[in-house]
Amino acid sequence: MENRINKIFVKNFRGLVDLELNKLNRINVLVGDNNSGKTSFLECIKLISNPNLNNAITMCTTRTKQLRAGSFFTEFINMLPKRDNSGINISCIFDSGNELKYRLNGNVVQTLINPIEMSEYIKIIKFDSMQNISQFNGKIGYDFYNKNTQDIKKNEQEIKLNAFNAFNYRSFKGKSNLMKVAYISPVDYAGINRSFDIIIKNEKYKEIVIESLKIFDPYIEDILYMKDDFGDPIECVKNSKVGIIPLSCYGDGVKKLLSVAGGIASANNGILLIDEFETAIHIKNYDDVFNFVDKACEKFNVQLFITTHSIEAVDELLKIDSLVENSDINFITLRKDYDLNKTVSRTLSAREVRENRKNFDFEVRL
Amino acid sequence: MNNFLEYLDKNLNEVMFDDEDDDYTNLLKTIATMISNTRNENKITQHELSEITHIQQGTISKIENGNCNLTLKMLQRVADGLGKKLIVKFE
């Protein structure tokens, strides 16, 4: 499995066009205006980590929570560039020297499907005639170049996707995980996936996470499952002042830190993506929280990509001397250039950003 | 802050993660797909299943994404709620 991306070229994905990043580091901080493509960039990494159709379909609805969004089919089509039929095209070089080229392209056509096939897609409705539906016909595939053996493994899957069969493609089939990638969205931390399980399973890590949770509440003593009246497990926190209370009683800061801690554990020897790192965290805690994230990611060999809107968060990161001195962190600014029709980027080392902010009050985010 | 940094430096060294339990993750995902497909085939929404089983809809969503440490009891309740019999087989 690959564990670090060195260079990445996003030719086409959602709003990103011709984005070339050649200097990726252990920690990469993406800054930029709203809609500059920061989240899309994180999604690219998640997309190519598991380059098959199941993953593409699972991923296409990550943005639609709390929206009256379309079907999997509609959202899938929305991932593809609208201006032409070139489809999604992403390539990257890993630290190992191996290379990956990912592509997904095709077009939407009106297709006649016979009633028997339609009934396969939706068992509840009885179709008695040919149905004229929109269908995406295309291909998803990747080339993987192994630097040691010098051979190229090619993989291609044909796609015939429509609103009725798209759901079936979500089933998890096959292992084509090229990288371990964990993604933490700005609003999803309340769900914390299996973070709680992952942390509790490892006694020593749990101890460290609890110590880190004291950043938010110094009276936190333990995290554990308790059973409710149905016998179902509930995530709980033991507090020396109030006893054992459900995690849901706590604010989002605690939940976010748990989510991030679990993300680091599941992304060990892989990549962690934190979208809007600073949400739910008070500015006075940025340094402590970031120290935890940095040290843990370093120890567990996790490459980190974070996005932020906050100049205060950037300044707090710049105060961590060890990071700046060791050149472990890059600041990448993204901007959509509508004249050139591409996403332009600027990568700076922490030292450069720090000097420029000090001397010129440099606005790194734009 | 310095104390915390020292604490981290000292204690993180003692953490070892086991290799991800692929088999278990795959099992959770297989069960997730099974539940999801059965629910859709029977045209039951997650909300309705939640009312029948008294499992929160958010939890059902997590189960269907393979993101929940399912207990056997929960699985039994989901099967009951879907009008299905739960059978476990060693192969």
# chains A, B, ... in the order shown; residues from 1 in each chain; ligands from 1
>>> interface_residues(of="chain B", to="chain A", cutoff="10 Å", atoms="only C-alpha atoms", output="JSON, numbers by chain")
{"B": [1, 2, 4, 5, 7, 8, 9, 11, 12, 13, 14, 15, 16, 17, 18, 19, 20, 22, 26, 29, 30, 32, 33, 34, 36, 37, 40, 41, 42, 43, 54, 55, 58, 59, 62, 63, 65, 66, 67, 68, 69, 70, 71, 72, 73, 74]}
>>> write_last_selection(atoms="C-alpha atoms", output="PDB file, in the first residue's frame")
ATOM      1  CA  MET B   1       1.605  23.492  26.645  1.00  0.00           C
ATOM      2  CA  ASN B   2       5.168  22.291  27.139  1.00  0.00           C
ATOM      3  CA  PHE B   4       1.495  18.410  27.185  1.00  0.00           C
ATOM      4  CA  LEU B   5       4.127  18.209  24.438  1.00  0.00           C
ATOM      5  CA  TYR B   7       3.598  13.970  27.649  1.00  0.00           C
ATOM      6  CA  LEU B   8       2.829  13.327  23.974  1.00  0.00           C
ATOM      7  CA  ASP B   9       6.466  12.731  23.062  1.00  0.00           C
ATOM      8  CA  ASN B  11       3.595   8.368  25.595  1.00  0.00           C
ATOM      9  CA  LEU B  12       2.928   8.189  21.874  1.00  0.00           C
ATOM     10  CA  ASN B  13       6.018   6.003  21.605  1.00  0.00           C
ATOM     11  CA  GLU B  14       4.281   3.314  23.570  1.00  0.00           C
ATOM     12  CA  VAL B  15       1.304   3.020  21.213  1.00  0.00           C
ATOM     13  CA  MET B  16       1.167   0.166  18.737  1.00  0.00           C
ATOM     14  CA  PHE B  17      -1.697  -0.328  16.351  1.00  0.00           C
ATOM     15  CA  ASP B  18      -2.631  -3.814  15.219  1.00  0.00           C
ATOM     16  CA  ASP B  19      -2.961  -4.199  11.506  1.00  0.00           C
ATOM     17  CA  GLU B  20      -6.473  -3.311  10.492  1.00  0.00           C
ATOM     18  CA  ASP B  22      -9.798  -6.552   7.284  1.00  0.00           C
ATOM     19  CA  ASN B  26     -15.475  -6.681   5.396  1.00  0.00           C
ATOM     20  CA  LYS B  29     -19.726  -4.092   5.165  1.00  0.00           C
ATOM     21  CA  THR B  30     -21.292  -7.311   3.878  1.00  0.00           C
ATOM     22  CA  ALA B  32     -24.405  -3.404   5.816  1.00  0.00           C
ATOM     23  CA  THR B  33     -25.146  -4.123   2.167  1.00  0.00           C
ATOM     24  CA  MET B  34     -27.483  -6.964   3.049  1.00  0.00           C
ATOM     25  CA  SER B  36     -29.569  -1.865   2.984  1.00  0.00           C
ATOM     26  CA  ASN B  37     -30.691  -3.951   0.017  1.00  0.00           C
ATOM     27  CA  ASN B  40     -34.947  -1.029  -0.084  1.00  0.00           C
ATOM     28  CA  GLU B  41     -36.468  -4.103  -1.663  1.00  0.00           C
ATOM     29  CA  ASN B  42     -39.220  -3.973   0.903  1.00  0.00           C
ATOM     30  CA  LYS B  43     -39.672  -0.263   0.356  1.00  0.00           C
ATOM     31  CA  HIS B  54     -36.445   1.424  18.238  1.00  0.00           C
ATOM     32  CA  ILE B  55     -32.946   1.966  16.887  1.00  0.00           C
ATOM     33  CA  GLY B  58     -28.734   7.809  12.627  1.00  0.00           C
ATOM     34  CA  THR B  59     -27.552   4.474  13.967  1.00  0.00           C
ATOM     35  CA  LYS B  62     -24.237   4.050  10.315  1.00  0.00           C
ATOM     36  CA  ILE B  63     -25.050   0.344  10.235  1.00  0.00           C
ATOM     37  CA  ASN B  65     -22.546   2.217   5.854  1.00  0.00           C
ATOM     38  CA  GLY B  66     -20.561  -0.381   7.746  1.00  0.00           C
ATOM     39  CA  ASN B  67     -19.634   2.238  10.317  1.00  0.00           C
ATOM     40  CA  CYS B  68     -21.241   0.765  13.392  1.00  0.00           C
ATOM     41  CA  ASN B  69     -19.983  -1.839  15.775  1.00  0.00           C
ATOM     42  CA  LEU B  70     -23.140  -3.905  15.493  1.00  0.00           C
ATOM     43  CA  THR B  71     -24.172  -6.005  18.455  1.00  0.00           C
ATOM     44  CA  LEU B  72     -25.914  -9.296  17.797  1.00  0.00           C
ATOM     45  CA  LYS B  73     -28.953  -7.992  19.616  1.00  0.00           C
ATOM     46  CA  MET B  74     -29.126  -4.989  17.303  1.00  0.00           C
TER      47      MET B  74
END
>>> select_by_dssp(residues="range 92-277 of chain A", states="strand (DSSP E or B)", output="VMD selection string")
chain A and resid 92 to 94 99 to 113 131 to 145 152 to 162 179 181 to 184 220 to 227 233 to 239 243 to 246 271 to 274
>>> residues_around(residues="Ile244 in chain A", least_positions_apart="6", cutoff="9 Å", atoms="only C-alpha atoms", output="PyMOL selection string")
chain A and resi 222-224+226+236-238
>>> closest_residue(among="B:Ile35, B:Leu27, B:Val78, B:Ile87", to="Glu51 in chain B", atoms="only C-alpha atoms")
B:Val78
>>> closest_residue(among="B:Leu86, B:Leu49, B:Leu75, B:Ile44", to="Leu28 in chain B", atoms="only C-alpha atoms")
B:Leu75
>>> residues_around(residues="Asp84 in chain A", least_positions_apart="6", cutoff="12 Å", atoms="only C-alpha atoms", output="PDB file with N, CA and C atoms, in the first residue's frame")
ATOM      1  N   ASN A  12      -8.913  17.178 -14.181  1.00  0.00           N
ATOM      2  CA  ASN A  12     -10.338  17.493 -14.171  1.00  0.00           C
ATOM      3  C   ASN A  12     -11.022  16.785 -13.019  1.00  0.00           C
ATOM      4  N   PHE A  13     -11.596  17.532 -12.106  1.00  0.00           N
ATOM      5  CA  PHE A  13     -12.486  16.921 -11.116  1.00  0.00           C
ATOM      6  C   PHE A  13     -13.344  18.015 -10.518  1.00  0.00           C
ATOM      7  N   ARG A  14     -14.652  17.871 -10.628  1.00  0.00           N
ATOM      8  CA  ARG A  14     -15.563  18.937 -10.178  1.00  0.00           C
ATOM      9  C   ARG A  14     -15.038  20.271 -10.725  1.00  0.00           C
ATOM     10  N   VAL A  17      -9.428  22.356 -12.304  1.00  0.00           N
ATOM     11  CA  VAL A  17      -8.934  22.164 -13.673  1.00  0.00           C
ATOM     12  C   VAL A  17      -7.437  22.405 -13.691  1.00  0.00           C
ATOM     13  N   ASN A 105     -14.645   8.432 -17.439  1.00  0.00           N
ATOM     14  CA  ASN A 105     -15.308   9.258 -18.453  1.00  0.00           C
ATOM     15  C   ASN A 105     -16.415   8.497 -19.164  1.00  0.00           C
ATOM     16  N   GLY A 106     -17.221   9.238 -19.854  1.00  0.00           N
ATOM     17  CA  GLY A 106     -18.358   8.645 -20.550  1.00  0.00           C
ATOM     18  C   GLY A 106     -19.364   9.729 -20.844  1.00  0.00           C
ATOM     19  N   ASN A 107     -20.532   9.314 -21.316  1.00  0.00           N
ATOM     20  CA  ASN A 107     -21.576  10.325 -21.495  1.00  0.00           C
ATOM     21  C   ASN A 107     -22.956   9.755 -21.208  1.00  0.00           C
TER      22      ASN A 107
END
>>> atom_distance(atom1="CA of Thr279 in chain A", atom2="CA of Ala313 in chain A")
10.1 Å
>>> atom_distance(atom1="CA of Ser40 in chain A", atom2="CA of Val254 in chain A")
26.4 Å
>>> residues_around(residues="Asn301 in chain A", least_positions_apart="6", cutoff="10 Å", atoms="only C-alpha atoms", output="ChimeraX atom specification")
/A:3-4,26,264,267-271,295
>>> closest_residue(among="A:Ile159, A:Ile184, A:Leu348, A:Ile48", to="Thr307 in chain A", atoms="only C-alpha atoms")
A:Ile184
>>> atom_distance(atom1="CA of Tyr183 in chain A", atom2="CA of Thr61 in chain A")
13.8 Å
>>> closest_residue(among="A:Arg365, A:Gly243, A:Arg354, A:Val109", to="Arg335 in chain A", atoms="only C-alpha atoms")
A:Arg365
>>> select_by_dssp(residues="range 92-207 of chain A", states="helix (DSSP H, G or I)", output="ChimeraX atom specification")
/A:115-121,166-170,195-201,203-207
